Structures are given as C-alpha cells and as structure tokens.
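J.: My structure is stored as my_file.pdb, with PDB, C-alpha atoms.
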ATOM      1  CA  MET M   1      42.922 118.925 151.078
ATOM      2  CA  SER M   2      43.230 116.530 148.232
ATOM      3  CA  THR M   3      43.216 117.512 144.608
ATOM      4  CA  THR M   4      41.233 115.420 142.200
ATOM      5  CA  VAL M   5      42.738 114.992 138.741
ATOM      6  CA  PRO M   6      40.008 114.935 136.124
ATOM      7  CA  ALA M   7      39.910 111.654 134.295
ATOM      8  CA  THR M   8      40.381 111.637 130.577
ATOM      9  CA  ARG M   9      38.560 109.353 128.238
ATOM     10  CA  PRO M  10      40.579 106.638 126.578
ATOM     11  CA  GLY M  11      41.957 107.747 123.210
ATOM     12  CA  THR M  12      41.728 111.467 124.061
ATOM     13  CA  GLY M  13      44.307 113.973 125.229
ATOM     14  CA  SER M  14      45.008 117.632 125.427
ATOM     15  CA  ARG M  15      44.808 119.777 122.299
ATOM     16  CA  ARG M  16      48.577 120.380 122.400
ATOM     17  CA  GLU M  17      49.310 116.628 122.529
ATOM     18  CA  ARG M  18      46.909 115.902 119.654
ATOM     19  CA  GLY M  19      48.470 118.694 117.600
ATOM     20  CA  HIS M  20      51.972 117.346 118.314
ATOM     21  CA  ASP M  21      50.938 113.827 117.231
ATOM     22  CA  ALA M  22      49.379 115.138 114.025
ATOM     23  CA  THR M  23      52.479 117.181 113.221
ATOM     24  CA  SER M  24      54.777 114.223 113.836
ATOM     25  CA  ARG M  25      52.748 112.144 111.379
ATOM     26  CA  VAL M  26      53.161 114.740 108.611
ATOM     27  CA  ARG M  27      56.428 114.036 106.810
ATOM     28  CA  SER M  28      58.442 117.115 106.043
ATOM     29  CA  PRO M  29      59.157 117.518 102.319
ATOM     30  CA  TYR M  30      62.526 119.152 103.007
ATOM     31  CA  PRO M  31      64.731 115.996 102.635
ATOM     32  CA  ASN M  32      63.369 115.469  99.117
ATOM     33  CA  TRP M  33      65.270 118.561  97.983
ATOM     34  CA  PHE M  34      68.482 116.634  98.470
ATOM     35  CA  TYR M  35      67.544 114.548  95.423
ATOM     36  CA  LEU M  36      67.340 117.602  93.187
ATOM     37  CA  PRO M  37      71.084 118.163  92.425
ATOM     38  CA  ALA M  38      71.610 114.495  91.558
ATOM     39  CA  ALA M  39      68.445 114.468  89.444
ATOM     40  CA  VAL M  40      69.575 117.551  87.498
ATOM     41  CA  VAL M  41      73.027 116.069  86.843
ATOM     42  CA  TYR M  42      71.475 112.733  85.824
ATOM     43  CA  ALA M  43      69.041 114.442  83.457
ATOM     44  CA  ILE M  44      71.731 116.603  81.842
ATOM     45  CA  LEU M  45      74.400 113.929  81.498
ATOM     46  CA  PHE M  46      72.223 110.892  80.725
ATOM     47  CA  LEU M  47      68.555 111.506  79.914
ATOM     48  CA  VAL M  48      69.006 114.453  77.546
ATOM     49  CA  PRO M  49      71.848 112.839  75.503
ATOM     50  CA  THR M  50      69.942 109.538  75.369
ATOM     51  CA  PHE M  51      66.744 111.034  73.984
ATOM     52  CA  ALA M  52      68.766 113.278  71.663
ATOM     53  CA  SER M  53      70.566 110.197  70.315
ATOM     54  CA  PHE M  54      67.252 108.465  69.640
ATOM     55  CA  TYR M  55      66.067 111.519  67.730
ATOM     56  CA  PHE M  56      69.238 112.099  65.711
ATOM     57  CA  SER M  57      69.367 108.409  64.788
ATOM     58  CA  LEU M  58      66.229 109.114  62.750
ATOM     59  CA  THR M  59      67.814 112.012  60.870
ATOM     60  CA  ARG M  60      70.559 112.772  58.403
ATOM     61  CA  TRP M  61      72.430 115.417  60.331
ATOM     62  CA  THR M  62      75.523 117.536  60.395
ATOM     63  CA  ILE M  63      76.672 120.017  63.021
ATOM     64  CA  PHE M  64      74.348 122.740  61.706
ATOM     65  CA  THR M  65      71.514 120.918  59.890
ATOM     66  CA  SER M  66      69.346 117.818  60.285
ATOM     67  CA  GLU M  67      66.793 116.132  58.040
ATOM     68  CA  PHE M  68      64.272 113.615  59.365
ATOM     69  CA  ILE M  69      64.484 110.356  57.374
ATOM     70  CA  GLY M  70      62.777 107.853  59.680
ATOM     71  CA  PHE M  71      64.356 104.415  60.025
ATOM     72  CA  ASP M  72      66.547 104.669  56.927
ATOM     73  CA  ASN M  73      69.702 104.835  59.034
ATOM     74  CA  PHE M  74      68.829 101.589  60.795
ATOM     75  CA  VAL M  75      68.025  99.848  57.507
ATOM     76  CA  GLN M  76      71.305 101.005  55.995
ATOM     77  CA  PHE M  77      73.274 100.052  59.096
ATOM     78  CA  PHE M  78      72.012  96.464  59.000
ATOM     79  CA  ARG M  79      72.963  96.298  55.326
ATOM     80  CA  GLU M  80      76.585  97.086  56.119
ATOM     81  CA  PRO M  81      78.777  94.098  55.157
ATOM     82  CA  ALA M  82      80.971  94.584  58.236
ATOM     83  CA  LEU M  83      78.015  94.485  60.631
ATOM     84  CA  THR M  84      77.643  90.697  60.680
ATOM     85  CA  THR M  85      81.347  90.277  61.372
ATOM     86  CA  GLY M  86      81.187  92.978  64.030
ATOM     87  CA  LEU M  87      78.213  91.351  65.773
ATOM     88  CA  VAL M  88      79.843  87.917  65.859
ATOM     89  CA  ASN M  89      83.158  89.347  67.026
ATOM     90  CA  THR M  90      81.437  91.374  69.741
ATOM     91  CA  PHE M  91      79.739  88.311  71.226
ATOM     92  CA  VAL M  92      82.873  86.167  70.933
ATOM     93  CA  TYR M  93      85.009  88.865  72.536
ATOM     94  CA  ALA M  94      82.532  89.499  75.373
ATOM     95  CA  VAL M  95      82.070  85.808  76.196
ATOM     96  CA  LEU M  96      85.796  85.021  76.070
ATOM     97  CA  THR M  97      86.884  87.937  78.231
ATOM     98  CA  SER M  98      84.038  87.498  80.737
ATOM     99  CA  GLY M  99      84.614  83.763  81.144
ATOM    100  CA  ALA M 100      88.370  84.161  81.525
ATOM    101  CA  LYS M 101      87.998  86.935  84.110
ATOM    102  CA  VAL M 102      85.578  84.828  86.160
ATOM    103  CA  VAL M 103      87.828  81.750  86.166
ATOM    104  CA  LEU M 104      91.136  83.573  86.695
ATOM    105  CA  GLY M 105      89.640  86.073  89.135
ATOM    106  CA  LEU M 106      88.220  83.290  91.290
ATOM    107  CA  GLY M 107      91.495  81.353  91.242
ATOM    108  CA  LEU M 108      93.587  84.412  92.071
ATOM    109  CA  GLY M 109      91.085  85.487  94.716
ATOM    110  CA  ILE M 110      91.429  82.143  96.493
ATOM    111  CA  LEU M 111      95.228  82.279  96.182
ATOM    112  CA  LEU M 112      95.578  85.845  97.436
ATOM    113  CA  THR M 113      93.302  85.273 100.454
ATOM    114  CA  SER M 114      95.302  82.243 101.567
ATOM    115  CA  GLN M 115      98.361  82.332 103.795
ATOM    116  CA  ILE M 116     101.133  82.696 101.203
ATOM    117  CA  ILE M 117     104.430  84.556 101.279
ATOM    118  CA  GLY M 118     104.360  88.028  99.742
ATOM    119  CA  ARG M 119     100.579  88.160  99.633
ATOM    120  CA  GLY M 120     100.396  91.959  99.850
ATOM    121  CA  TYR M 121     102.965  92.425  97.089
ATOM    122  CA  LEU M 122     101.197  89.945  94.809
ATOM    123  CA  ARG M 123      97.882  91.752  95.359
ATOM    124  CA  SER M 124      99.473  94.988  94.177
ATOM    125  CA  VAL M 125     100.998  93.293  91.132
ATOM    126  CA  VAL M 126      97.691  91.728  90.101
ATOM    127  CA  PHE M 127      95.735  94.971  90.498
ATOM    128  CA  PHE M 128      98.312  97.269  88.877
ATOM    129  CA  PRO M 129      97.177  96.776  85.219
ATOM    130  CA  VAL M 130      93.716  98.064  86.147
ATOM    131  CA  LEU M 131      95.245 101.469  86.911
ATOM    132  CA  VAL M 132      97.113 101.794  83.611
ATOM    133  CA  SER M 133      95.596 103.591  80.613
ATOM    134  CA  THR M 134      93.872 101.227  78.186
ATOM    135  CA  VAL M 135      95.332 103.023  75.166
ATOM    136  CA  GLY M 136      98.792 102.890  76.726
ATOM    137  CA  ILE M 137      98.453  99.145  77.272
ATOM    138  CA  GLY M 138      97.263  98.731  73.682
ATOM    139  CA  ILE M 139     100.260 100.586  72.248
ATOM    140  CA  THR M 140     102.666  98.667  74.509
ATOM    141  CA  PHE M 141     101.331  95.236  73.566
ATOM    142  CA  THR M 142     101.239  96.196  69.889
ATOM    143  CA  ALA M 143     105.008  96.595  70.114
ATOM    144  CA  LEU M 144     105.450  93.452  72.220
ATOM    145  CA  MET M 145     103.399  91.366  69.755
ATOM    146  CA  ASN M 146     105.165  92.627  66.641
ATOM    147  CA  PRO M 147     105.870  89.509  64.500
ATOM    148  CA  GLN M 148     109.442  90.521  63.573
ATOM    149  CA  ARG M 149     110.739  92.786  66.352
ATOM    150  CA  GLY M 150     108.403  92.040  69.258
ATOM    151  CA  VAL M 151     109.763  90.791  72.554
ATOM    152  CA  ILE M 152     107.276  87.901  72.700
ATOM    153  CA  ASN M 153     108.269  86.359  69.368
ATOM    154  CA  SER M 154     111.951  87.085  70.014
ATOM    155  CA  THR M 155     111.716  85.185  73.296
ATOM    156  CA  LEU M 156     109.940  82.278  71.606
ATOM    157  CA  ALA M 157     112.568  82.232  68.835
ATOM    158  CA  SER M 158     115.332  81.928  71.435
ATOM    159  CA  ILE M 159     113.892  78.569  72.508
ATOM    160  CA  GLY M 160     113.254  77.378  68.962
ATOM    161  CA  ILE M 161     109.565  78.312  68.586
ATOM    162  CA  ASP M 162     108.384  80.273  65.571
ATOM    163  CA  GLY M 163     105.996  82.843  67.002
ATOM    164  CA  PRO M 164     102.752  83.628  65.143
ATOM    165  CA  GLY M 165     101.556  86.970  63.844
ATOM    166  CA  TRP M 166      99.585  87.865  66.933
ATOM    167  CA  LEU M 167      97.921  90.944  65.436
ATOM    168  CA  THR M 168      98.516  90.313  61.719
ATOM    169  CA  ASP M 169      97.025  86.823  61.456
ATOM    170  CA  PRO M 170      93.265  87.192  60.764
ATOM    171  CA  SER M 171      92.497  84.083  62.827
ATOM    172  CA  LEU M 172      94.446  85.325  65.886
ATOM    173  CA  ALA M 173      93.987  89.095  66.006
ATOM    174  CA  LEU M 174      90.730  89.165  67.979
ATOM    175  CA  PHE M 175      91.914  86.507  70.432
ATOM    176  CA  SER M 176      95.201  88.346  70.973
ATOM    177  CA  VAL M 177      93.350  91.528  71.901
ATOM    178  CA  ALA M 178      91.030  89.513  74.163
ATOM    179  CA  LEU M 179      94.094  88.075  75.927
ATOM    180  CA  VAL M 180      95.399  91.576  76.631
ATOM    181  CA  ASP M 181      91.946  92.644  77.835
ATOM    182  CA  VAL M 182      91.891  89.755  80.313
ATOM    183  CA  TRP M 183      95.382  90.656  81.551
ATOM    184  CA  LYS M 184      94.273  94.221  82.176
ATOM    185  CA  GLY M 185      90.877  93.479  83.749
ATOM    186  CA  VAL M 186      91.498  90.364  85.832
ATOM    187  CA  GLY M 187      92.819  92.499  88.700
ATOM    188  CA  LEU M 188      89.414  94.066  89.302
ATOM    189  CA  ALA M 189      87.718  90.660  89.174
ATOM    190  CA  THR M 190      90.278  89.362  91.678
ATOM    191  CA  VAL M 191      89.582  92.208  94.125
ATOM    192  CA  ILE M 192      85.827  91.557  93.904
ATOM    193  CA  TYR M 193      86.348  87.853  94.567
ATOM    194  CA  MET M 194      88.718  88.586  97.427
ATOM    195  CA  ALA M 195      86.039  90.726  99.080
ATOM    196  CA  GLY M 196      83.465  87.967  98.586
ATOM    197  CA  ILE M 197      85.720  85.216  99.938
ATOM    198  CA  VAL M 198      86.846  87.222 102.980
ATOM    199  CA  SER M 199      83.208  87.912 103.905
ATOM    200  CA  ILE M 200      82.449  84.172 104.259
ATOM    201  CA  PRO M 201      82.148  83.366 107.996
ATOM    202  CA  LYS M 202      85.012  81.272 109.384
ATOM    203  CA  GLU M 203      82.540  78.952 111.110
ATOM    204  CA  TYR M 204      81.743  77.284 107.792
ATOM    205  CA  TYR M 205      85.390  76.330 107.263
ATOM    206  CA  GLU M 206      85.729  75.082 110.841
ATOM    207  CA  ALA M 207      82.614  72.938 110.534
ATOM    208  CA  ALA M 208      83.851  71.518 107.231
ATOM    209  CA  ARG M 209      87.226  70.617 108.756
ATOM    210  CA  VAL M 210      85.483  68.862 111.657
ATOM    211  CA  ASP M 211      83.555  66.797 109.108
ATOM    212  CA  GLY M 212      86.812  65.893 107.380
ATOM    213  CA  ALA M 213      86.292  67.981 104.237
ATOM    214  CA  GLY M 214      89.285  68.502 101.974
ATOM    215  CA  PRO M 215      90.242  71.583  99.919
ATOM    216  CA  TRP M 216      88.156  70.538  96.908
ATOM    217  CA  THR M 217      85.064  69.927  99.040
ATOM    218  CA  MET M 218      85.483  73.305 100.726
ATOM    219  CA  PHE M 219      85.798  74.996  97.354
ATOM    220  CA  ARG M 220      82.776  73.250  95.883
ATOM    221  CA  SER M 221      80.481  73.424  98.925
ATOM    222  CA  ILE M 222      81.543  76.681 100.620
ATOM    223  CA  ILE M 223      83.589  79.073  98.491
ATOM    224  CA  LEU M 224      81.830  78.602  95.167
ATOM    225  CA  PRO M 225      78.200  78.998  96.342
ATOM    226  CA  LEU M 226      78.861  81.659  99.003
ATOM    227  CA  SER M 227      80.910  83.815  96.628
ATOM    228  CA  TRP M 228      78.098  83.841  94.064
ATOM    229  CA  PRO M 229      77.358  87.572  94.604
ATOM    230  CA  ALA M 230      80.952  88.284  93.571
ATOM    231  CA  THR M 231      80.570  85.982  90.565
ATOM    232  CA  SER M 232      77.398  87.728  89.403
ATOM    233  CA  THR M 233      79.093  91.123  89.782
ATOM    234  CA  VAL M 234      82.132  90.052  87.768
ATOM    235  CA  ILE M 235      79.981  88.496  85.040
ATOM    236  CA  THR M 236      77.821  91.609  84.713
ATOM    237  CA  LEU M 237      80.680  94.121  84.663
ATOM    238  CA  SER M 238      82.847  92.024  82.338
ATOM    239  CA  LEU M 239      80.018  91.357  79.912
ATOM    240  CA  ILE M 240      79.056  95.023  79.720
ATOM    241  CA  GLY M 241      82.690  95.958  79.143
ATOM    242  CA  GLY M 242      83.095  93.268  76.489
ATOM    243  CA  LEU M 243      79.980  94.275  74.567
ATOM    244  CA  ARG M 244      81.048  97.928  74.627
ATOM    245  CA  SER M 245      84.727  97.267  73.907
ATOM    246  CA  PHE M 246      86.409  99.723  71.574
ATOM    247  CA  ASP M 247      89.491 101.517  72.892
ATOM    248  CA  LEU M 248      91.787  98.500  73.272
ATOM    249  CA  ILE M 249      90.767  97.012  69.931
ATOM    250  CA  TRP M 250      91.207 100.330  68.153
ATOM    251  CA  ALA M 251      94.593 100.955  69.762
ATOM    252  CA  MET M 252      95.918  97.512  68.799
ATOM    253  CA  THR M 253      94.340  96.528  65.460
ATOM    254  CA  ARG M 254      91.875  99.259  64.356
ATOM    255  CA  GLY M 255      89.550  96.400  63.475
ATOM    256  CA  GLY M 256      92.078  94.702  61.218
ATOM    257  CA  PRO M 257      93.545  92.936  59.485
ATOM    258  CA  GLY M 258      90.671  93.693  57.149
ATOM    259  CA  PHE M 259      87.499  93.475  59.247
ATOM    260  CA  THR M 260      88.507  90.368  61.203
ATOM    261  CA  SER M 261      88.735  92.050  64.622
ATOM    262  CA  ASP M 262      86.001  94.624  64.103
ATOM    263  CA  VAL M 263      83.352  94.907  66.818
ATOM    264  CA  ILE M 264      80.156  96.925  66.738
ATOM    265  CA  ALA M 265      81.791  99.930  68.394
ATOM    266  CA  SER M 266      84.607 100.051  65.822
ATOM    267  CA  VAL M 267      82.109  99.739  62.953
ATOM    268  CA  ILE M 268      80.203 102.685  64.419
ATOM    269  CA  TYR M 269      83.388 104.725  64.736
ATOM    270  CA  LYS M 270      84.361 104.031  61.128
ATOM    271  CA  GLN M 271      80.959 105.303  59.987
ATOM    272  CA  TYR M 272      81.512 108.434  62.039
ATOM    273  CA  GLN M 273      84.970 108.930  60.503
ATOM    274  CA  ALA M 274      83.427 108.678  57.052
ATOM    275  CA  GLY M 275      81.024 111.513  57.871
ATOM    276  CA  PHE M 276      77.851 109.406  58.220
ATOM    277  CA  TYR M 277      76.826 110.932  61.527
ATOM    278  CA  GLY M 278      73.206 109.797  61.470
ATOM    279  CA  LEU M 279      74.274 106.268  60.566
ATOM    280  CA  SER M 280      76.801 106.141  63.402
ATOM    281  CA  THR M 281      74.195 107.501  65.836
ATOM    282  CA  ALA M 282      71.814 104.730  64.778
ATOM    283  CA  GLY M 283      74.603 102.256  65.459
ATOM    284  CA  ASN M 284      75.019 103.664  68.954
ATOM    285  CA  VAL M 285      71.303 103.234  69.588
ATOM    286  CA  ILE M 286      71.508  99.628  68.355
ATOM    287  CA  LEU M 287      74.461  98.982  70.665
ATOM    288  CA  PHE M 288      72.606 100.527  73.614
ATOM    289  CA  LEU M 289      69.530  98.369  72.974
ATOM    290  CA  LEU M 290      71.688  95.270  72.472
ATOM    291  CA  VAL M 291      73.536  95.726  75.757
ATOM    292  CA  THR M 292      70.269  96.446  77.591
ATOM    293  CA  ALA M 293      68.509  93.416  76.089
ATOM    294  CA  ILE M 294      71.327  91.126  77.224
ATOM    295  CA  VAL M 295      72.376  92.579  80.563
ATOM    296  CA  VAL M 296      68.959  93.270  82.150
ATOM    297  CA  PRO M 297      67.601  89.673  81.858
ATOM    298  CA  LEU M 298      71.012  88.275  82.779
ATOM    299  CA  THR M 299      71.176  90.429  85.910
ATOM    300  CA  ARG M 300      67.727  89.272  87.006
ATOM    301  CA  TRP M 301      68.640  85.631  86.385
ATOM    302  CA  LEU M 302      71.861  85.987  88.380
ATOM    303  CA  ALA M 303      69.915  87.611  91.237
ATOM    304  CA  ARG M 304      67.431  84.724  91.300
ATOM    305  CA  LYS M 305      70.277  82.214  91.380
ATOM    306  CA  GLU M 306      71.793  84.121  94.289
ATOM    307  CA  VAL M 307      68.540  83.900  96.250
ATOM    308  CA  GLN M 308      68.195  80.172  95.510
ATOM    309  CA  LEU M 309      71.738  79.475  96.687
TER     310      LEU M 309
END
For the structure just supplied, provide its representation as structure tokens.
T.:
Amino acid sequence: MSTTVPATRPGTGSRRERGHDATSRVRSPYPNWFYLPAAVVYAILFLVPTFASFYFSLTRWTIFTSEFIGFDNFVQFFREPALTTGLVNTFVYAVLTSGAKVVLGLGLGILLTSQIIGRGYLRSVVFFPVLVSTVGIGITFTALMNPQRGVINSTLASIGIDGPGWLTDPSLALFSVALVDVWKGVGLATVIYMAGIVSIPKEYYEAARVDGAGPWTMFRSIILPLSWPATSTVITLSLIGGLRSFDLIWAMTRGGPGFTSDVIASVIYKQYQAGFYGLSTAGNVILFLLVTAIVVPLTRWLARKEVQL
C-alpha cells in the first residue's frame, strides 16, 4: 500500500518552519550590549571633559567658583603678544618634524628591510628612542647641547669648530628641539614604513627586474606608490604630535630664550601657571579646533590620494 505525501504549494511550509524562518530574520539585540562598556568609558574620559572644557572656556573660574563671561577669554587670548609667535612656531615645528620623519623613516625603512648585516640589531637601535621618556630625553639633550660644557660643542671644539648656542641662540632654539624630536620619533615612522614595504608583493619586484628596472626605478614606481598608506599614517601621526607638542619643548627651553621657541601649548601652560584658568581653557579649545581643522581635511585628502594610486 503506497502512501501519498500531500503536496505543498510553492512558497508555503509548515508552521514550525515559518516560525523558525521568522525568528532567524529577527536580529538579537544581545551583541549590542558589548558596546556599552566602551561607550561609558569613552563618554567619561572624552565626551564629558570635552563639553566641560567648552563650557569653562566661556567662564572665569577657579576650583570652587565660576562666572560666565561669554567669549571674553577667546578675545583676550588672541590679544596675547606671545600668541602670534606661538602660532608660527607651532606650524614651523609641526611641518619640520613631520617632513623629516617621513623622509628619514622611508629611507631607514628601505635600508632595514634590505639584506644588510646586523639588520635586527639596527632595527632595535632605531626604535629604542621611542621607548624612552620624552622628559628624560629633553633633560639629557639639554646637557648635551650646553654651549660651554656640552658634549656636542666639546666634540666640535676638538676638531676646530666653534659650536653654536643650540638652546640659547634665539634663531636656533626651536630647530634644535625639532631635531631632538625627529631623533626620538623617527623610529616609529621607520617601523610603519617597514610594515608597508614588507607587505608589497614580491611579484612586482620580480616583474620590474625582468623589465630591466634599476633601484631608482623600483623605488619610484613600486616602493613609493605602494607604501602610500604608510606615508599617510606617518604624516597624520607626526602632524598631530607636532601641533600638540609641549613636553619636549618645555623640558628643553621652556619656550625660551624669551618667547622664541614658544608653541601654542606652552603659551597655554604659562597662562595656567599665572592663574588664568579660563584663559588657558580657551586656549585648549582653540588648539583642539586648530588640530581638528587641519587634520580632518588632510586625512581625507590623503585617503583620496591612496585610492587614486
């Protein structure tokens, strides 16, 4: 005796199957709870202090009291005689350190990914300054660059060269600090470039060699364009660090001699030392807006260039 299986209409099924399909289409909200701890930490450590800074920049405040004064702090901050010098120095410092880190980082990245003797040791030597305290490096180089008793000028004097006042000459102080900043930060740029260069497929080099390309052609046509993501990363990180620079400059020159090596961050700190808390908070807001206005468009431009390449 044969059993006839009832036919089902196309697009229909049992109630259990339809219920299972409907349940599978409903996304469970449970994974969204994983975002909650990070969101709370982000709100406490970033959002709340940011909005509080915007508010207190509009007040004359102390630890216990505050008085709303509108934009008076911003007006007074832009009237500060040291602000113009600080703005110019900030841009000069950021551009110099960023450009030097890109050029030296790319050169060292190519060198340390090639087949050279002692490659592992040299990688450690290049990256070591990144691990050292910035204030410690500042104090050390302040002693090394001392015009009378510093090792650098003593070494130059031994070969008949009269060393300059690295940190006491108004025309050299900012550039001397920038040189130390590059020495400390080029290791990180080198590591980023090394990662970018190593990720380039070997087939490109083999095809270039078959076509008779030399080292310069390989650099210009393969390494330079294909390591552009590393270049954009180094530019962004170095520029942000340069615009926000404070600790190394304060450890080495404290903005001197005079105001010749002052940057925006050191001007803000001097206002805070003088007890003008609302004025220094307004300066922090200005610095935040300045960095955002420069870095956000630059990041988008670098991303577009990466896509085009």
J.: List the spatial neighbours of region 293-309 of chain M as a PyMOL selection string - criterion: any atom at most 9 Å away, only C-alpha atoms, same-chain residues fewer than 3 positions off excluded.
T.: chain M and resi 225-226+228-229+231-233+236+239-240+288-290
J.: Show me, as a tab-separated table, the residues of region 94-204 of chain M having an atom within 8 Å of region 252-265 of chain M, each with the closest atom pair and its distance in Å, using all atoms listed in the file.
T.:
residue	atom	partner	partner_atom	distance
M:Gly138	CA	M:Met252	CA	5.2
M:Ile139	CA	M:Met252	CA	6.3
M:Phe141	CA	M:Met252	CA	7.6
M:Thr142	CA	M:Met252	CA	5.6
M:Leu167	CA	M:Thr253	CA	6.6
M:Thr168	CA	M:Pro257	CA	6.0
M:Asp169	CA	M:Pro257	CA	7.3
M:Pro170	CA	M:Thr260	CA	5.7
M:Ser171	CA	M:Thr260	CA	7.6
M:Ala173	CA	M:Ser261	CA	6.2
M:Leu174	CA	M:Ser261	CA	4.9
M:Val177	CA	M:Met252	CA	7.2
J.: With all atoms listed in the file counted and 8 Å as the cut-off, give the residues of region 213-280 of chain M in contact with region 115-135 of chain M, each with its shortest interatomic distance in Å and the pair that gives it, as a tab-separated table.
T.:
residue	atom	partner	partner_atom	distance
M:Asp247	CA	M:Val135	CA	6.4
M:Leu248	CA	M:Thr134	CA	6.0
M:Ala251	CA	M:Val135	CA	5.8
J.: Applying 6 Å and only C-alpha atoms, which residues near Thr59 (chain M) remain after dropping the ones on its own chain fewer than 5 positions away? List them as an NGL selection string.
T.: :M and (67-69 or 278)
J.: Can you write out the residues you just picked, keeping C-alpha atoms, as an mmCIF file, keeping the file's coordinate frame?
T.:
data_model
loop_
_atom_site.group_PDB
_atom_site.id
_atom_site.type_symbol
_atom_site.label_atom_id
_atom_site.label_comp_id
_atom_site.auth_asym_id
_atom_site.auth_seq_id
_atom_site.Cartn_x
_atom_site.Cartn_y
_atom_site.Cartn_z
ATOM 1 C CA GLU M 67 66.793 116.132 58.040
ATOM 2 C CA PHE M 68 64.272 113.615 59.365
ATOM 3 C CA ILE M 69 64.484 110.356 57.374
ATOM 4 C CA GLY M 278 73.206 109.797 61.470
#
J.: To one decimal in Å, tell me the separation between CA of Ile192 (chain M) and CA of Leu111 (chain M).
T.: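 Going from CA of Ile192 (chain M) over to CA of Leu111 (chain M), I get 13.4 Å.
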J.: If the PyMOL selection byres ((chain M and resi 97) around 12) were run on this exact file, what residues would it hold? Put them as a PyMOL selection string.
T.: chain M and resi 89-96+98-105+174-186+189+234-243+245
J.: Work out how far apart CA of Trp166 (chain M) and CA of Gly86 (chain M) are and give it in Å to one decimal.
T.: 19.3 Å
J.: Just checking: using all atoms listed in the file, which residue out of M:Phe51, M:Ile197, M:Tyr204, M:Tyr272 ends up closest to Ser227 (chain M)?
T.: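 Under the stated criterion, the closest residue is M:Ile197.
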J.: Enter the distance from CA of Leu47 (chain M) to CA of Pro31 (chain M), in Å, rounded to one decimal.
T.: 23.5 Å
J.: Care to translate the PyMOL selection byres ((chain M and resi 280) around 9) into actual residues of this file, as a list in words?
T.: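 The output of the PyMOL selection byres ((chain M and resi 280) around 9) on this file is Ser57, Asn73, Phe77, Val267, Ile268, Tyr269, Lys270, Gln271, Tyr272, Gly275, Phe276, Tyr277, Gly278, Leu279, Thr281, Ala282, Gly283, Asn284 and Val285 of chain M.
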J.: Which residues, written as a compact mmCIF listing (two decimals) with C-alpha atoms, keeping the file's coordinate frame, have at least one atom at most 9 Å from Pro164 (chain M), with only C-alpha atoms counted and residues fewer than 5 positions away on the same chain left out?
T.:
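Listed below is the output, out.txt:
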# COMPACT_ATOMS: atom_id res chain seq x y z
CA PRO M 147 105.87 89.51 64.50
CA ASN M 153 108.27 86.36 69.37
CA ASP M 169 97.02 86.82 61.46
CA LEU M 172 94.45 85.32 65.89
J.: If I wrap all listed atoms of region 238-246 of chain M in a box with edges along x, y and z and add 5 Å on each side, what are its centre and edge lengths in Å to one decimal, as JSON?
T.:
{"center_x": 82.7, "center_y": 95.5, "center_z": 77.0, "size_x": 17.4, "size_y": 18.4, "size_z": 20.8}
J.: Determine the nearest neighbour of Thr190 (chain M) from the options M:Thr113, M:Thr155, M:Thr50, M:Gln273, counting all atoms listed in the file.
T.: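 Nearest to Thr190 (chain M): M:Thr113.
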